[in-house]
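*Asks:* Attaching a single structure in C-alpha cells format; questions to follow.
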Amino acid sequence: MTADSDDRTMTATAPIDVSCVDPDGRLRSVVTALRAVDDVAVSVVDDVYAVEGNTDCCVLLHAPETETRDAVDGLAQLAEFAEAHPDVPVAVYGVDIESAMMTTREFTRRVVDRGGDAAMTMTGERTELIVRRIKQVVGFEEHFQSDAALLDSLLESFPHQLFVKDDVGRFVDTSAVTAREYDFDREGLTGLTDYELMPMSLADDLYEEEQRIMATEEPMLNKVEHYVDPAGRSRWVNTTKAPRYDRAGLVTGIVGGTRDVTEEKRQEHVVRAVHEASRELVRAGDRTEIGDVSASIAEGIPALPRVQLVLADRTTGELRPAESDGESSIYARHAEWCERAYERAETLFILEDGSDAVTDRDAIERPAAALIPLGSHGVFGVTTGERTIDEFTYELANIFAANVEAALDRAERERELEHQNERLEEFASIVSHDLRNPLSVASSAIELAKDDPKPSHLEKVDRALDRMEQLTEELLTLAKKGQTVGETERLQLRDAVLDTRGGVSDQRADVVTGELGTIEADRSRLVELLENLFRNAVEHGPADETDTVTVTVGMLEDGFYVEDDGVGIPERDREAVFEMGYTDSDGGTGYGLYIVEAIADAHGWSVRATESESGGARFEFTDVVVR
C-alpha cells in the first residue's frame, strides 16, 4: 500500500489525519509526538475495525506479552486492515522487538512483505523522527529528491574520491573531491581521461586495468597504490573499481572510489620503523645501554619525541631514571605518578599540568604523558611535548615498551647466566685446588699406613677428611650464591643471634649483645652470615683452646656490627679478607668472609672490616633497612 504523493503538497491546508490503534497504551509516545505538531490530527481507537476508511494513515502496535499486558500481534492486524482498507497507508510500531526472539531487521522485512508501508522501532524520545516517518508514509514529506538531485548531492558532499567513467575511460561524473585532486571543478573534469591528467605510463596501466574489469566483470577491491604528488610528497590511496551497467544489463564503463590512506600508511611505516629499530635493543648489553638505545631510537620517531626508561633498583626496588637531563626529564616532573604506575602495574595518563593521573586516556582532553609499567623492571615514560598522547602515539608507545621489556628480560637472564658461569668457575677452582690438597694428604697417609701402620698416619687421614668435610659444607653455601636471598621479612636481630649461637656453642665463642632492633632480611641467610663471622672469630681467637673469644653484636644507625676481642685484622689486609680463598689461618678455608660479603651484597648492604675497641676484628653492615 502506498499513498499517492501527488494528492498532497506542502501547501495543503488540511492537517494529516492519523488513526492510531492502541489497545493498551503502548502507542502513547507515538500519539504524543504526532499531537505536538500543528499539521497532524490524531485519533486513537482500540481495534482496526474502528478505523474509518477516509483516514490518511493508520498506525498499528506490535508488542510482546508482559506481566501486565497481553501480546499485540500487529502483523495479523496489518493483514486484516489491508483487506478492509487497501488504499490507506499503514505503519507498524514495534515495541521491545528483541524480546520476541526477532531482530529489528526481521521485523521490518515481515512488515514490508505483508504490504506495510513502514516499520517503526525507534524510542518515544525520537519525536522528530516519528513525525517525519508518518509524513513520509502519507507522501507529505518533501525531503526526498529526484535521482539526479540525490546523485549530485552525494558527489558534492562525499569526503572521498568517487568517479564514473564510460567504456573508453572518459569521466562521466566525479565527486567534488576527485575534481579538486586534479585542480578542476566537476564540470571541467567531465570528458577528460587519465591520459590528460597523469603520466603516460600510469595512464596506460589504468586504462588496461579498467578494460580488464569490464571484460571480466570482476571488481577490483581495495588496491593500495603509491604515487608522488606535484609537491613531491609520497601519497597512498586505496582504490575500488567495478563494472557499470546500463538498463539492458550491458557493461558501459566503470564506477569507482578512491580513499587517501597516506596517514594510515605513514603510521604503518612508523610502527615498522619502531620494530626494526628495536632490534638494536637486542644488542644492548645491560640496563644502562638499553636506556640509552631507547632514547636514541625515540629521537628518530616524530610520534615519540621524548621517552625515558625509569628502572627499579634490583635490591631496594627504588625507581631511578636510566638517564636524566635534569628537571626536564619525565621522572623529574612525574616521579609520584611513576611510583604509582609501577606499584599498581597499570598505565597512567598525566594531566597537562601534572596535577593528576588517570587510567583511561579518553577521560582527559590532553594527556601530557603516558607511564607504561615494564613488569618488575620499572616504567616506560613517553611525552610528546606540545602535542597530546593520541591513540596512535599510545599504541606506538606500547609496542616500544613491549620491546624494551623483552630486552630487559633478556639482559637479566644474561646477567644471571654470567653469574652462574662465574660460580661454576669458582667451584671448579675449589674442586681442582682446595679439595685436591687434603685428598692428596689422605692418599699419601694411607699408603704410608699400609707399610707402617702408625696411629699418626691415620690421624693425618682423619684431619684431611675433616678438612674436606668443612670445604664441602662451604662449597654448598657458595652454590646458593645465585639465590643468596629469598623472601625477606621483618625480624628481630636478637632472634637471629640466638639461632646462630647454638651452632657455635662448642667453638669457644662467648656471644654478647646490646640492645638490638628489627631489620629486614632473609632469616636463614642472615644466620649463615653470623655463623661465618662467629666461626672466623674463633679461628682467630686465643691460641689456648681453654680460653674463649668474646663476640659482640650491636646496632648502628643504619645497620649493625659484629666484633670480637681476638687478634684483629691488619689494616693492609682489611679489603683482601673478603676475597675468595684468602686466609691467614692453617685451619681456614678462605671462603667464610667471602660468603659473608656475598650474603650482604645480595641484601643490598655494605660491609667493611675495621678494628674493635679491644683490638680485635669488627665488621660493620650499613645500608640495612632498620625498622
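Lettering and numbering for the C-alpha cells are positional, with chains as A, B, ... in the shown order, residues counted from 1 in each chain, and ligands counted from 1 in the shown order.
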Extract, using only C-alpha atoms, all DNA, RNA and protein residues at most 12 Å from Glu187 in chain A, discarding same-chain residues fewer than 2 positions from it, and format them as a PyMOL selection string.
*Replies:* chain A and resi 152+155-156+171-176+178-180+183-185+189-192
*Asks:* Select from range 182-376 of chain A everything DSSP, run on the backbone, classes as helix (DSSP H, G or I), then give the selection as a count of residues only.
*Replies:* 79
*Asks:* Would you pick out the contacts of range 218-223 of chain A at 6 Å or less, using only C-alpha atoms, so that residues sharing its chain but fewer than 3 positions from it are not included, and give the list as a list in words?
*Replies:*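 That gives Ile213, Asn238, Thr239, Thr240, Lys241 and Ala242 of chain A.
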*Asks:* Give me a file of those residues, with all heavy atoms, as an mmCIF file, in the first residue's frame.
*Replies:*
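Output contents, as saved in selection.cif:
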```
data_model
loop_
_atom_site.group_PDB
_atom_site.id
_atom_site.type_symbol
_atom_site.label_atom_id
_atom_site.label_comp_id
_atom_site.auth_asym_id
_atom_site.auth_seq_id
_atom_site.Cartn_x
_atom_site.Cartn_y
_atom_site.Cartn_z
ATOM 1 N N ILE A 213 38.629 -5.069 -16.094
ATOM 2 C CA ILE A 213 37.480 -5.146 -15.173
ATOM 3 C C ILE A 213 36.184 -5.244 -15.961
ATOM 4 O O ILE A 213 35.290 -6.039 -15.632
ATOM 5 C CB ILE A 213 37.466 -3.911 -14.244
ATOM 6 C CG1 ILE A 213 38.647 -3.975 -13.266
ATOM 7 C CG2 ILE A 213 36.149 -3.823 -13.473
ATOM 8 C CD1 ILE A 213 38.841 -2.712 -12.449
ATOM 9 N N ASN A 238 43.704 4.062 -1.565
ATOM 10 C CA ASN A 238 43.044 2.759 -1.615
ATOM 11 C C ASN A 238 41.894 2.874 -2.611
ATOM 12 O O ASN A 238 40.966 3.664 -2.409
ATOM 13 C CB ASN A 238 42.527 2.378 -0.221
ATOM 14 C CG ASN A 238 41.897 1.004 -0.177
ATOM 15 O OD1 ASN A 238 41.074 0.658 -1.008
ATOM 16 N ND2 ASN A 238 42.267 0.219 0.808
ATOM 17 N N THR A 239 41.955 2.087 -3.685
ATOM 18 C CA THR A 239 41.000 2.234 -4.788
ATOM 19 C C THR A 239 40.180 0.961 -4.972
ATOM 20 O O THR A 239 40.719 -0.146 -4.917
ATOM 21 C CB THR A 239 41.731 2.561 -6.097
ATOM 22 O OG1 THR A 239 42.487 3.759 -5.925
ATOM 23 C CG2 THR A 239 40.744 2.752 -7.238
ATOM 24 N N THR A 240 38.887 1.161 -5.200
ATOM 25 C CA THR A 240 37.979 0.073 -5.557
ATOM 26 C C THR A 240 37.269 0.454 -6.861
ATOM 27 O O THR A 240 36.795 1.595 -7.001
ATOM 28 C CB THR A 240 36.941 -0.180 -4.453
ATOM 29 O OG1 THR A 240 37.601 -0.703 -3.306
ATOM 30 C CG2 THR A 240 35.872 -1.165 -4.906
ATOM 31 N N LYS A 241 37.211 -0.459 -7.813
ATOM 32 C CA LYS A 241 36.536 -0.218 -9.088
ATOM 33 C C LYS A 241 35.645 -1.406 -9.423
ATOM 34 O O LYS A 241 35.974 -2.541 -9.081
ATOM 35 C CB LYS A 241 37.550 -0.019 -10.225
ATOM 36 C CG LYS A 241 38.448 1.202 -10.077
ATOM 37 C CD LYS A 241 39.457 1.276 -11.218
ATOM 38 C CE LYS A 241 40.398 2.463 -11.061
ATOM 39 N NZ LYS A 241 41.405 2.516 -12.151
ATOM 40 N N ALA A 242 34.528 -1.121 -10.101
ATOM 41 C CA ALA A 242 33.601 -2.182 -10.503
ATOM 42 C C ALA A 242 32.988 -1.815 -11.849
ATOM 43 O O ALA A 242 32.905 -0.634 -12.211
ATOM 44 C CB ALA A 242 32.509 -2.358 -9.452
#
```
*Asks:* Have a look at CA of Val138 in chain A and CA of Ser157 in chain A and let me know their distance in Å, one decimal.
*Replies:*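 Separation of CA of Val138 in chain A and CA of Ser157 in chain A: 28.9 Å.
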*Asks:* Go through A:Thr383, A:Arg287, A:Tyr331, A:Asp547 and flag the residue nearest Asp409 in chain A, using only C-alpha atoms for the distances.
*Replies:*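 Nearest candidate to Asp409 in chain A out of A:Thr383, A:Arg287, A:Tyr331, A:Asp547: A:Arg287.
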*Asks:* May I have the residues within 10 Å of Ala442 in chain A as a list in words, using only C-alpha atoms and disregarding those fewer than 5 positions away in the same chain?
*Replies:*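 In the requested format, the answer is Arg436, Asn437, Glu447, Leu448, His457, Leu458, Glu459, Lys460, Val461, Asp462, Arg463, Ala464 and Leu465 of chain A.
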*Asks:* Give me, please, the distance in Å between CA of Leu408 in chain A and CA of Val293 in chain A, quoted to one decimal.
*Replies:*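 These atoms are spaced 12.0 Å apart.
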